[in-house]
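Student: Data file target-v3.cif (mmCIF, C-alpha atoms) is appended below.
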```cif
data_start
#
loop_
_atom_site.label_atom_id
_atom_site.label_comp_id
_atom_site.auth_asym_id
_atom_site.auth_seq_id
_atom_site.Cartn_x
_atom_site.Cartn_y
_atom_site.Cartn_z
CA MET A 1 0.00 0.00 0.00
CA THR A 2 1.54 3.29 -1.10
CA GLU A 3 1.90 6.34 1.10
CA LYS A 4 -0.60 8.17 -1.11
CA THR A 5 -3.17 5.39 -0.63
CA VAL A 6 -2.68 5.49 3.13
CA GLY A 7 -3.07 9.25 3.06
CA ASN A 8 -6.29 9.05 1.05
CA PHE A 9 -7.69 6.44 3.44
CA THR A 10 -6.83 8.60 6.44
CA GLU A 11 -8.38 11.67 4.88
CA GLY A 12 -11.48 9.66 4.09
CA LEU A 13 -11.77 8.57 7.71
CA LYS A 14 -11.37 12.14 8.92
CA ALA A 15 -14.23 13.26 6.67
CA ILE A 16 -16.56 11.98 9.40
CA SER A 17 -15.43 13.76 12.54
CA ASP A 18 -17.84 12.20 15.04
CA SER A 19 -15.98 9.12 16.27
CA ARG A 20 -19.12 7.23 17.36
CA LEU A 21 -20.86 7.56 14.03
CA ARG A 22 -17.62 6.89 12.14
CA ALA A 23 -17.12 3.62 14.05
CA ALA A 24 -20.71 2.58 13.42
CA LEU A 25 -20.47 3.17 9.67
CA LEU A 26 -17.10 1.38 9.49
CA ALA A 27 -18.88 -1.63 10.98
CA SER A 28 -20.49 -2.04 7.57
CA ALA A 29 -17.41 -4.14 6.80
CA MET A 30 -19.19 -7.01 8.56
CA LEU A 31 -21.60 -7.06 5.63
CA LEU A 32 -18.83 -8.69 3.59
CA VAL A 33 -19.44 -11.80 5.71
CA PHE A 34 -23.16 -11.74 4.88
CA MET A 35 -22.33 -11.27 1.21
CA GLY A 36 -19.92 -14.21 1.38
CA VAL A 37 -22.50 -16.47 3.01
CA HIS A 38 -25.05 -15.57 0.34
CA PHE A 39 -22.55 -15.47 -2.52
CA ALA A 40 -24.47 -17.93 -4.72
CA ARG A 41 -27.69 -15.93 -4.49
CA LEU A 42 -26.09 -12.51 -4.87
CA PHE A 43 -23.52 -13.14 -7.58
CA LEU A 44 -24.54 -16.23 -9.56
CA PRO A 45 -27.49 -16.57 -11.95
CA ALA A 46 -30.58 -18.07 -10.34
CA GLU A 47 -32.77 -20.51 -12.22
CA LEU A 48 -35.84 -18.86 -13.69
CA GLY A 49 -37.95 -21.87 -12.84
CA ALA A 50 -37.03 -21.83 -9.13
CA THR A 51 -40.04 -19.83 -8.01
CA GLY A 52 -39.04 -19.82 -4.35
CA GLU A 53 -35.59 -18.40 -5.12
CA GLN A 54 -36.41 -15.78 -7.73
CA GLN A 55 -34.91 -12.37 -7.26
CA ASP A 56 -36.57 -9.20 -8.50
CA TYR A 57 -33.85 -9.29 -11.14
CA ALA A 58 -35.91 -11.96 -12.91
CA ALA A 59 -38.73 -9.44 -13.27
CA PHE A 60 -36.42 -6.83 -14.79
CA TYR A 61 -34.93 -9.34 -17.22
CA GLY A 62 -38.39 -10.58 -18.21
CA ALA A 63 -39.51 -7.00 -18.87
CA ALA A 64 -36.35 -6.40 -20.91
CA ARG A 65 -37.13 -9.38 -23.13
CA PHE A 66 -40.75 -8.21 -23.39
CA ALA A 67 -39.57 -4.80 -24.64
CA LEU A 68 -37.29 -6.32 -27.29
CA VAL A 69 -39.94 -8.68 -28.61
CA GLY A 70 -42.40 -5.82 -28.89
CA ASP A 71 -45.27 -7.78 -27.37
CA ALA A 72 -48.50 -5.82 -27.38
CA GLY A 73 -49.87 -7.54 -24.27
CA ASN A 74 -50.63 -5.82 -20.97
CA LEU A 75 -47.43 -6.13 -18.96
CA TYR A 76 -49.37 -5.10 -15.84
CA ASP A 77 -51.51 -8.24 -16.16
CA PRO A 78 -49.89 -10.89 -13.87
CA ALA A 79 -50.58 -13.66 -16.43
CA VAL A 80 -48.89 -11.72 -19.25
CA PHE A 81 -45.98 -10.80 -17.02
CA GLN A 82 -45.56 -14.41 -15.92
CA ALA A 83 -45.32 -15.39 -19.58
CA ALA A 84 -42.71 -12.65 -20.16
CA ILE A 85 -40.54 -14.03 -17.38
CA GLY A 86 -40.98 -17.57 -18.69
CA ALA A 87 -41.85 -19.16 -15.36
CA GLU A 88 -44.47 -19.25 -12.65
CA THR A 89 -43.85 -16.32 -10.36
CA THR A 90 -45.34 -14.13 -7.67
CA LEU A 91 -43.47 -11.12 -9.04
CA LEU A 92 -45.45 -8.18 -10.44
CA TRP A 93 -44.61 -5.39 -12.89
CA LEU A 94 -45.05 -2.04 -11.14
CA TYR A 95 -42.95 0.42 -13.19
CA PRO A 96 -44.13 3.02 -15.74
CA PRO A 97 -43.53 2.30 -19.45
CA PRO A 98 -40.29 4.36 -19.89
CA MET A 99 -38.53 1.93 -17.51
CA LEU A 100 -38.27 -0.39 -20.50
CA PHE A 101 -35.78 2.01 -22.12
CA ILE A 102 -33.34 1.34 -19.26
CA LEU A 103 -33.94 -2.40 -19.20
CA ALA A 104 -34.02 -3.29 -22.90
CA PRO A 105 -30.20 -3.42 -23.35
CA PHE A 106 -29.94 -6.10 -20.64
CA GLY A 107 -32.33 -8.27 -22.64
CA LEU A 108 -29.76 -8.50 -25.45
CA ALA A 109 -27.45 -10.62 -23.29
CA PRO A 110 -27.99 -14.13 -21.91
CA TYR A 111 -29.56 -14.29 -18.46
CA GLY A 112 -26.33 -14.93 -16.52
CA VAL A 113 -24.27 -12.32 -18.38
CA ALA A 114 -27.01 -9.73 -17.97
CA LYS A 115 -27.20 -10.44 -14.26
CA MET A 116 -23.47 -9.90 -13.78
CA LEU A 117 -23.72 -6.58 -15.66
CA TRP A 118 -26.69 -5.72 -13.45
CA ILE A 119 -24.64 -6.40 -10.30
CA VAL A 120 -21.70 -4.31 -11.54
CA ALA A 121 -24.06 -1.43 -12.35
CA THR A 122 -25.76 -1.73 -8.95
CA VAL A 123 -22.46 -1.63 -7.04
CA ALA A 124 -21.24 1.30 -9.16
CA CYS A 125 -24.43 3.28 -8.46
CA ALA A 126 -24.23 2.48 -4.75
CA PHE A 127 -20.63 3.71 -4.71
CA GLY A 128 -21.75 6.83 -6.58
CA VAL A 129 -24.39 7.60 -3.96
CA GLY A 130 -21.81 7.44 -1.17
CA ARG A 131 -19.19 9.33 -3.15
CA LEU A 132 -21.56 12.18 -3.97
CA ALA A 133 -22.90 12.39 -0.44
CA SER A 134 -19.58 12.27 1.38
CA GLY A 135 -17.09 13.59 -1.17
CA THR A 136 -14.74 10.65 -0.54
CA ASN A 137 -14.07 7.33 -2.24
CA LEU A 138 -13.76 5.61 1.13
CA TRP A 139 -17.33 6.30 2.18
CA GLY A 140 -18.51 5.56 -1.34
CA ALA A 141 -16.98 2.11 -0.89
CA PHE A 142 -18.68 1.65 2.48
CA THR A 143 -22.01 2.64 0.96
CA ALA A 144 -21.49 -0.13 -1.61
CA ILE A 145 -21.20 -2.71 1.21
CA SER A 146 -23.77 -1.12 3.53
CA PRO A 147 -26.89 -2.91 4.81
CA ALA A 148 -28.87 -1.15 2.08
CA ALA A 149 -26.47 -2.55 -0.53
CA PHE A 150 -26.79 -6.07 0.90
CA ALA A 151 -30.59 -5.82 0.79
CA THR A 152 -30.43 -4.58 -2.81
CA LEU A 153 -28.12 -7.33 -4.02
CA PHE A 154 -30.01 -10.01 -2.09
CA VAL A 155 -33.24 -9.09 -3.83
CA GLY A 156 -31.70 -8.14 -7.20
CA GLN A 157 -33.12 -4.63 -7.21
CA VAL A 158 -32.39 -1.41 -9.08
CA SER A 159 -32.85 1.08 -6.23
CA ALA A 160 -29.22 2.28 -6.14
CA PHE A 161 -29.69 3.82 -9.59
CA PHE A 162 -32.70 5.86 -8.52
CA ALA A 163 -31.09 6.93 -5.25
CA LEU A 164 -28.15 8.16 -7.30
CA LEU A 165 -30.49 10.15 -9.55
CA LEU A 166 -32.26 11.84 -6.64
CA THR A 167 -29.03 12.58 -4.77
CA ALA A 168 -27.31 13.96 -7.87
CA GLY A 169 -30.35 15.96 -8.92
CA MET A 170 -30.66 17.71 -5.58
CA LEU A 171 -26.95 18.41 -5.31
CA LEU A 172 -26.77 19.79 -8.89
CA ALA A 173 -30.10 21.64 -8.99
CA GLU A 174 -28.62 25.13 -8.69
CA LYS A 175 -25.22 24.84 -10.37
CA ARG A 176 -26.15 22.48 -13.22
CA PRO A 177 -29.93 22.71 -13.60
CA VAL A 178 -30.16 21.00 -17.00
CA LEU A 179 -28.29 17.92 -15.78
CA ALA A 180 -30.34 17.94 -12.59
CA GLY A 181 -33.51 18.14 -14.68
CA ALA A 182 -32.42 15.07 -16.65
CA CYS A 183 -31.85 13.20 -13.37
CA PHE A 184 -35.29 14.15 -12.08
CA ALA A 185 -36.92 13.15 -15.38
CA LEU A 186 -35.39 9.68 -15.15
CA LEU A 187 -36.55 9.54 -11.54
CA THR A 188 -40.13 9.43 -12.85
CA LEU A 189 -39.38 5.77 -13.60
CA LYS A 190 -39.67 5.25 -9.84
CA PRO A 191 -42.00 8.18 -9.09
CA GLN A 192 -42.50 7.54 -5.38
CA TYR A 193 -38.90 8.68 -4.84
CA GLY A 194 -39.67 12.10 -6.28
CA ILE A 195 -42.63 13.23 -4.17
CA LEU A 196 -40.60 16.05 -2.57
CA VAL A 197 -38.65 17.07 -5.69
CA ILE A 198 -40.94 19.95 -6.69
CA PRO A 199 -41.34 21.30 -3.12
CA PHE A 200 -37.54 21.12 -2.73
CA LEU A 201 -36.89 22.95 -6.01
CA ILE A 202 -39.45 25.62 -5.15
CA ALA A 203 -37.95 26.04 -1.68
CA ILE A 204 -34.48 26.73 -3.16
CA ARG A 205 -35.93 28.66 -6.14
CA ALA A 206 -34.35 26.35 -8.71
CA TRP A 207 -36.71 27.38 -11.51
CA LYS A 208 -34.39 26.30 -14.33
CA ALA A 209 -34.17 22.79 -12.88
CA ILE A 210 -37.98 22.62 -12.72
CA ALA A 211 -38.24 23.68 -16.37
CA ALA A 212 -35.57 21.20 -17.48
CA ALA A 213 -37.15 18.36 -15.50
CA SER A 214 -40.57 19.12 -17.02
CA LEU A 215 -39.26 19.16 -20.59
CA PHE A 216 -37.20 15.98 -20.20
CA SER A 217 -40.14 14.21 -18.53
CA LEU A 218 -42.49 15.14 -21.37
CA ALA A 219 -39.93 13.90 -23.88
CA LEU A 220 -39.61 10.61 -22.00
CA ILE A 221 -43.38 10.14 -21.89
CA GLY A 222 -43.74 10.99 -25.58
CA ALA A 223 -40.93 8.64 -26.62
CA SER A 224 -42.34 5.73 -24.60
CA ALA A 225 -45.86 6.30 -25.96
CA GLY A 226 -44.48 6.37 -29.49
CA LEU A 227 -42.40 3.21 -29.10
CA PHE A 228 -44.53 1.07 -26.79
CA GLY A 229 -47.95 2.51 -27.54
CA VAL A 230 -50.36 4.77 -25.68
CA ASP A 231 -52.21 1.67 -24.44
CA MET A 232 -49.31 0.79 -22.14
CA TRP A 233 -49.76 4.11 -20.35
CA ARG A 234 -53.49 3.41 -20.08
CA ASP A 235 -52.71 0.01 -18.57
CA PHE A 236 -50.26 1.60 -16.13
CA PHE A 237 -52.79 4.11 -14.78
CA SER A 238 -55.48 1.45 -14.65
CA SER A 239 -53.12 -0.66 -12.55
CA LEU A 240 -52.56 2.26 -10.18
CA MET A 241 -56.28 2.69 -9.61
CA ASN A 242 -57.58 -0.86 -9.45
CA GLY A 243 -54.89 -3.26 -10.69
CA VAL A 244 -51.77 -4.87 -9.24
CA HIS A 245 -50.52 -1.57 -7.77
CA ALA A 246 -53.72 -0.98 -5.82
CA ALA A 247 -53.90 -4.61 -4.69
CA TYR A 248 -50.29 -4.56 -3.51
CA TYR A 249 -50.81 -1.43 -1.44
CA GLN A 250 -53.76 -3.06 0.30
CA SER A 251 -51.90 -6.34 0.89
CA GLY A 252 -50.59 -7.39 4.27
CA GLY A 253 -47.33 -5.93 5.50
CA HIS A 254 -44.18 -7.49 4.07
CA PRO A 255 -41.32 -7.73 6.62
CA GLY A 256 -39.04 -5.79 4.27
CA ARG A 257 -41.53 -3.12 3.19
CA ILE A 258 -40.94 -0.25 5.60
CA THR A 259 -43.73 2.29 5.23
CA ILE A 260 -46.15 3.88 7.66
CA SER A 261 -49.02 1.84 6.18
CA ASP A 262 -47.11 -1.41 6.66
CA ALA A 263 -46.17 -0.39 10.20
CA ILE A 264 -49.84 0.18 10.99
CA LYS A 265 -50.84 -3.15 9.46
CA ALA A 266 -48.05 -4.96 11.33
CA ALA A 267 -49.44 -3.55 14.58
CA GLY A 268 -52.74 -5.26 13.78
CA ILE A 269 -54.65 -2.13 12.77
CA ALA A 270 -56.42 -1.57 9.46
CA ALA A 271 -54.55 1.07 7.46
CA PRO A 272 -56.69 4.00 6.24
CA PRO A 273 -56.96 4.85 2.52
CA ALA A 274 -53.68 5.98 0.98
CA TRP A 275 -54.80 9.58 0.44
CA ALA A 276 -55.87 9.94 4.09
CA LEU A 277 -52.60 8.50 5.39
CA TYR A 278 -50.00 9.93 3.04
CA GLY A 279 -51.58 13.29 2.24
CA PRO A 280 -50.91 14.74 5.73
CA LEU A 281 -47.50 13.03 5.91
CA ILE A 282 -46.37 14.50 2.58
CA ALA A 283 -47.72 17.93 3.54
CA LEU A 284 -45.81 17.80 6.85
CA ALA A 285 -42.56 16.80 5.15
CA ALA A 286 -42.93 19.56 2.53
CA ALA A 287 -43.76 22.12 5.22
CA GLY A 288 -40.56 21.10 6.99
CA LEU A 289 -38.58 21.88 3.84
CA PHE A 290 -40.00 25.38 3.56
CA ALA A 291 -39.62 26.00 7.29
CA ILE A 292 -35.85 25.48 7.29
CA ALA A 293 -34.94 26.38 3.69
CA GLY A 294 -34.02 29.94 4.59
CA ARG A 295 -31.61 29.10 7.40
CA ALA A 296 -30.28 25.61 6.66
CA SER A 297 -27.02 25.15 4.82
CA ARG A 298 -27.74 23.67 1.42
CA PRO A 299 -26.14 20.25 2.06
CA LEU A 300 -28.09 19.74 5.30
CA LEU A 301 -31.33 20.81 3.63
CA ILE A 302 -30.65 18.20 0.94
CA ALA A 303 -29.96 15.58 3.63
CA TYR A 304 -33.35 16.24 5.20
CA ALA A 305 -35.07 16.22 1.78
CA LEU A 306 -33.52 12.87 0.86
CA ALA A 307 -34.47 11.19 4.13
CA ALA A 308 -37.96 12.72 4.19
CA SER A 309 -38.50 11.50 0.61
CA ALA A 310 -37.94 7.95 1.84
CA LEU A 311 -40.09 8.36 4.94
CA ILE A 312 -43.18 9.48 3.02
CA CYS A 313 -42.96 6.85 0.29
CA PRO A 314 -46.12 4.74 0.05
CA TYR A 315 -43.98 1.91 -1.31
CA LEU A 316 -40.49 1.53 0.18
CA PHE A 317 -38.45 -1.61 0.86
CA VAL A 318 -35.22 -2.02 2.80
CA TYR A 319 -33.35 -2.01 -0.51
CA ASP A 320 -34.46 1.62 -0.94
CA PHE A 321 -32.54 2.78 2.14
CA PHE A 322 -29.76 4.32 0.01
CA LEU A 323 -31.70 7.58 0.39
CA TYR A 324 -31.10 7.38 4.13
CA ASN A 325 -27.45 6.42 3.51
CA ALA A 326 -26.91 9.56 1.46
CA ALA A 327 -28.60 11.76 4.05
CA ILE A 328 -26.52 10.29 6.88
CA LEU A 329 -23.23 10.74 5.01
CA ILE A 330 -24.04 14.34 4.11
CA VAL A 331 -24.71 15.20 7.75
CA ALA A 332 -21.75 13.17 9.00
CA THR A 333 -19.32 14.98 6.70
CA GLN A 334 -20.83 18.46 7.15
CA LEU A 335 -21.03 18.63 10.94
CA PRO A 336 -17.89 18.25 13.06
CA ARG A 337 -19.74 16.87 16.07
CA LEU A 338 -23.06 15.38 17.02
CA LYS A 339 -24.89 14.71 20.24
CA SER A 340 -24.66 11.10 21.36
CA THR A 341 -28.37 10.58 20.85
CA HIS A 342 -28.15 11.95 17.31
CA ALA A 343 -25.16 9.79 16.41
CA TYR A 344 -26.80 6.63 17.72
CA ALA A 345 -30.10 7.41 15.98
CA LEU A 346 -28.34 7.84 12.63
CA ALA A 347 -26.29 4.67 13.19
CA ALA A 348 -29.51 2.73 13.87
CA LEU A 349 -31.01 4.14 10.67
CA TRP A 350 -27.94 3.04 8.68
CA PHE A 351 -28.26 -0.58 9.92
CA ALA A 352 -32.08 -0.78 9.89
CA PRO A 353 -32.21 -2.59 6.49
CA MET A 354 -30.69 -5.67 8.12
CA ALA A 355 -33.75 -6.22 10.33
CA PRO A 356 -35.62 -8.55 7.92
CA PHE A 357 -32.48 -10.67 7.45
CA ILE A 358 -31.68 -11.27 11.12
CA GLY A 359 -34.86 -12.68 12.55
CA GLY A 360 -37.31 -10.32 10.89
CA SER A 361 -41.02 -11.06 11.13
CA THR A 362 -44.30 -9.49 10.12
CA LEU A 363 -43.75 -7.10 13.04
CA THR A 364 -40.58 -5.71 11.48
CA PRO A 365 -42.21 -2.65 9.81
CA ALA A 366 -43.82 -1.67 13.13
CA ILE A 367 -40.38 -1.73 14.74
CA VAL A 368 -38.26 -0.25 11.93
CA TRP A 369 -40.55 2.55 10.70
CA PRO A 370 -40.33 4.44 14.03
CA ILE A 371 -36.53 4.21 13.70
CA THR A 372 -36.75 5.85 10.27
CA ALA A 373 -39.13 8.52 11.60
CA LEU A 374 -36.75 9.29 14.47
CA GLY A 375 -33.81 9.48 12.04
CA VAL A 376 -35.64 11.94 9.79
CA PHE A 377 -36.60 14.05 12.80
CA VAL A 378 -32.93 14.15 13.88
CA LEU A 379 -31.90 15.20 10.37
CA TYR A 380 -34.55 17.92 10.40
CA LYS A 381 -33.31 19.25 13.75
CA LEU A 382 -29.69 19.21 12.58
CA ALA A 383 -30.57 21.00 9.34
CA GLY A 384 -32.70 23.63 11.05
CA GLY A 385 -30.38 24.30 13.96
CA LYS A 386 -27.55 26.80 14.34
CA ARG A 387 -25.04 26.16 11.60
CA ILE A 388 -21.36 25.42 12.05
CA GLY A 389 -19.49 25.85 8.80
CA THR A 390 -21.21 26.24 5.43
CA PRO A 391 -23.67 29.15 5.48
CA ALA A 392 -27.08 29.04 3.84
CA THR A 393 -27.03 30.02 0.18
#
```
Before we go any further, please render this structure as structure tokens.

Tutor:
Amino acid sequence: MTEKTVGNFTEGLKAISDSRLRAALLASAMLLVFMGVHFARLFLPAELGATGEQQDYAAFYGAARFALVGDAGNLYDPAVFQAAIGAETTLLWLYPPPMLFILAPFGLAPYGVAKMLWIVATVACAFGVGRLASGTNLWGAFTAISPAAFATLFVGQVSAFFALLLTAGMLLAEKRPVLAGACFALLTLKPQYGILVIPFLIAIRAWKAIAAASLFSLALIGASAGLFGVDMWRDFFSSLMNGVHAAYYQSGGHPGRITISDAIKAAGIAAPPAWALYGPLIALAAAGLFAIAGRASRPLLIAYALAASALICPYLFVYDFFLYNAAILIVATQLPRLKSTHAYALAALWFAPMAPFIGGSTLTPAIVWPITALGVFVLYKLAGGKRIGTPAT
């Protein structure tokens, strides 16, 4: 190891000044053991016919093949989607039509090759989230082996890509609004991530980013309608109202789905309609943005916006916790010291995605969601408090 490498590692460590939080995040190294134990599932192609072992990756690959064939069937119909995957499955297709633009290239390769490319892309995006949030390669690397990364690889998900888009878009909104707009437009492929994007952009008066995001989004919608047909958009909205989307929201709580509705269901209480539950929650999170926008330093405001975006999602799994990772790293590298209670709360939030994998049960959402709510409240307090360092811009 060269002296320069040692120096870079040391500087990376120093980027997080609070020793308690730094030690907690370094403990992510233990996830390498979990990844080793589950090596076959994470890094080798699974059999499409093994219904009990299917990763979400199988759904993405099936959709990619569907896009290349140009099938005119309703991809949001479970029977059609099952045929696209080529096996019996409980997986559902829940993404808007433009998602097929991203997936189609993977369908050109054999299943195993495409999966390895998928894994490389996932790890690269996870690293990018940490690198952007912390400014160091070291913490980018630890983000790529964090509990959120393990959950993502275990399931075969694409969440690191969307977390990278939201993180980059918010960080670039003022200095590079066109690029930020492109990031936000692509974020419409997983729209629940972007609920706070417009309130955030209004709060910081990033009008050019709003305009760019709107134009790119319209172009994306138009291109997908032209290539895949307007009917696919009709099927998508029908699914949202009374199809697989609506049915999945009303389903029982999954141990890895960490939302307020799943927490309520896990506690044995009937969840109210989505609009009645999430409307006030979204309004509260947006009000928090406007309340601190004038006095918070920009990085800390972004940290709160990222974490709050995750908290108010009506559909959020443990593999989506990269948004929390980014928020934690921004705070950890911006503030030289934290209260013990704040450091421990953020450390708990960082490791929360492991809950379903270490004895998780149907009660897991009821236990983990309060941890996420506490973490977001801590981030809000840190962003809105007296600043040390970077002034508000």

Student: Can you list, as a CSV table (one decimal) with C-alpha atoms, in the coordinates of the input, every protein, DNA or RNA residue that comes within 7 Å of A:Gly375 when you count all atoms listed in the file, leaving out same-chain residues fewer than 2 positions away?

Tutor:
```
chain,number,residue,atom,x,y,z
A,345,ALA,CA,-30.1,7.4,16.0
A,346,LEU,CA,-28.3,7.8,12.6
A,349,LEU,CA,-31.0,4.1,10.7
A,371,ILE,CA,-36.5,4.2,13.7
A,372,THR,CA,-36.8,5.8,10.3
A,373,ALA,CA,-39.1,8.5,11.6
A,377,PHE,CA,-36.6,14.0,12.8
A,378,VAL,CA,-32.9,14.2,13.9
A,379,LEU,CA,-31.9,15.2,10.4
```

Student: Restrict the calculation to all atoms listed in the file, then for each residue of stretch 167-242 of chain A with any atom at most 9 Å from an atom of stretch 127-149 of chain A give the closest atom pair and their distance in Å to one decimal, rows by chain and rising residue number, as JSON lines.

Tutor:
```
{"residue": "A:Thr167", "atom": "CA", "partner": "A:Val129", "partner_atom": "CA", "distance": 6.9}
{"residue": "A:Ala168", "atom": "CA", "partner": "A:Leu132", "partner_atom": "CA", "distance": 7.2}
{"residue": "A:Leu171", "atom": "CA", "partner": "A:Leu132", "partner_atom": "CA", "distance": 8.3}
```

Student: Write out as an NGL selection string the residues lying within 7 Å of A:Tyr193, counting all atoms listed in the file and excluding same-chain residues fewer than 6 positions away.

Tutor: :A and (309-310 or 313)

Student: Would you mind reading off the distance between atom CA of A:Phe317 and atom CA of A:Ala160, one decimal, in Å?

Tutor: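 Calculated distance between atom CA of A:Phe317 and atom CA of A:Ala160 is 12.2 Å.
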
Student: Residues around (-29.2, 20.8, -12.7), cut-off 9 Å, counting all atoms listed in the file - what are they as a list in words?

Tutor: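 Protein, DNA and RNA residues close to (-29.2, 20.8, -12.7): Ala168, Gly169, Met170, Leu171, Leu172, Ala173, Glu174, Lys175, Arg176, Pro177, Val178, Leu179, Ala180, Gly181, Ala182, Cys183, Ala206, Lys208, Ala209, Ile210, Ala212 and Ala213 of chain A.
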
Student: Show me the residues close to (-37.2, 2.4, -19.8) - anything with an atom within 10 Å, counting all atoms listed in the file - and format the list as an mmCIF file with C-alpha atoms, keeping the file's coordinate frame.

Tutor:
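Result saved to selection-v9.cif:
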```
data_model
loop_
_atom_site.group_PDB
_atom_site.id
_atom_site.type_symbol
_atom_site.label_atom_id
_atom_site.label_comp_id
_atom_site.auth_asym_id
_atom_site.auth_seq_id
_atom_site.Cartn_x
_atom_site.Cartn_y
_atom_site.Cartn_z
ATOM 1 C CA ALA A 63 -39.510 -7.000 -18.870
ATOM 2 C CA ALA A 64 -36.350 -6.400 -20.910
ATOM 3 C CA ALA A 67 -39.570 -4.800 -24.640
ATOM 4 C CA TYR A 95 -42.950 0.420 -13.190
ATOM 5 C CA PRO A 96 -44.130 3.020 -15.740
ATOM 6 C CA PRO A 97 -43.530 2.300 -19.450
ATOM 7 C CA PRO A 98 -40.290 4.360 -19.890
ATOM 8 C CA MET A 99 -38.530 1.930 -17.510
ATOM 9 C CA LEU A 100 -38.270 -0.390 -20.500
ATOM 10 C CA PHE A 101 -35.780 2.010 -22.120
ATOM 11 C CA ILE A 102 -33.340 1.340 -19.260
ATOM 12 C CA LEU A 103 -33.940 -2.400 -19.200
ATOM 13 C CA ALA A 104 -34.020 -3.290 -22.900
ATOM 14 C CA PRO A 105 -30.200 -3.420 -23.350
ATOM 15 C CA LEU A 186 -35.390 9.680 -15.150
ATOM 16 C CA LEU A 189 -39.380 5.770 -13.600
ATOM 17 C CA LEU A 220 -39.610 10.610 -22.000
ATOM 18 C CA ALA A 223 -40.930 8.640 -26.620
ATOM 19 C CA SER A 224 -42.340 5.730 -24.600
#
```

Student: Apply the PyMOL selection byres ((chain A and resi 278) around 12) to the displayed file and report the matching residues as a ChimeraX atom specification.

Tutor: /A:192,195,259-261,271-277,279-286,309,311-315

Student: In Å, how far is it from atom CA of A:Arg298 to atom CA of A:Ala383?

Tutor: 8.8 Å
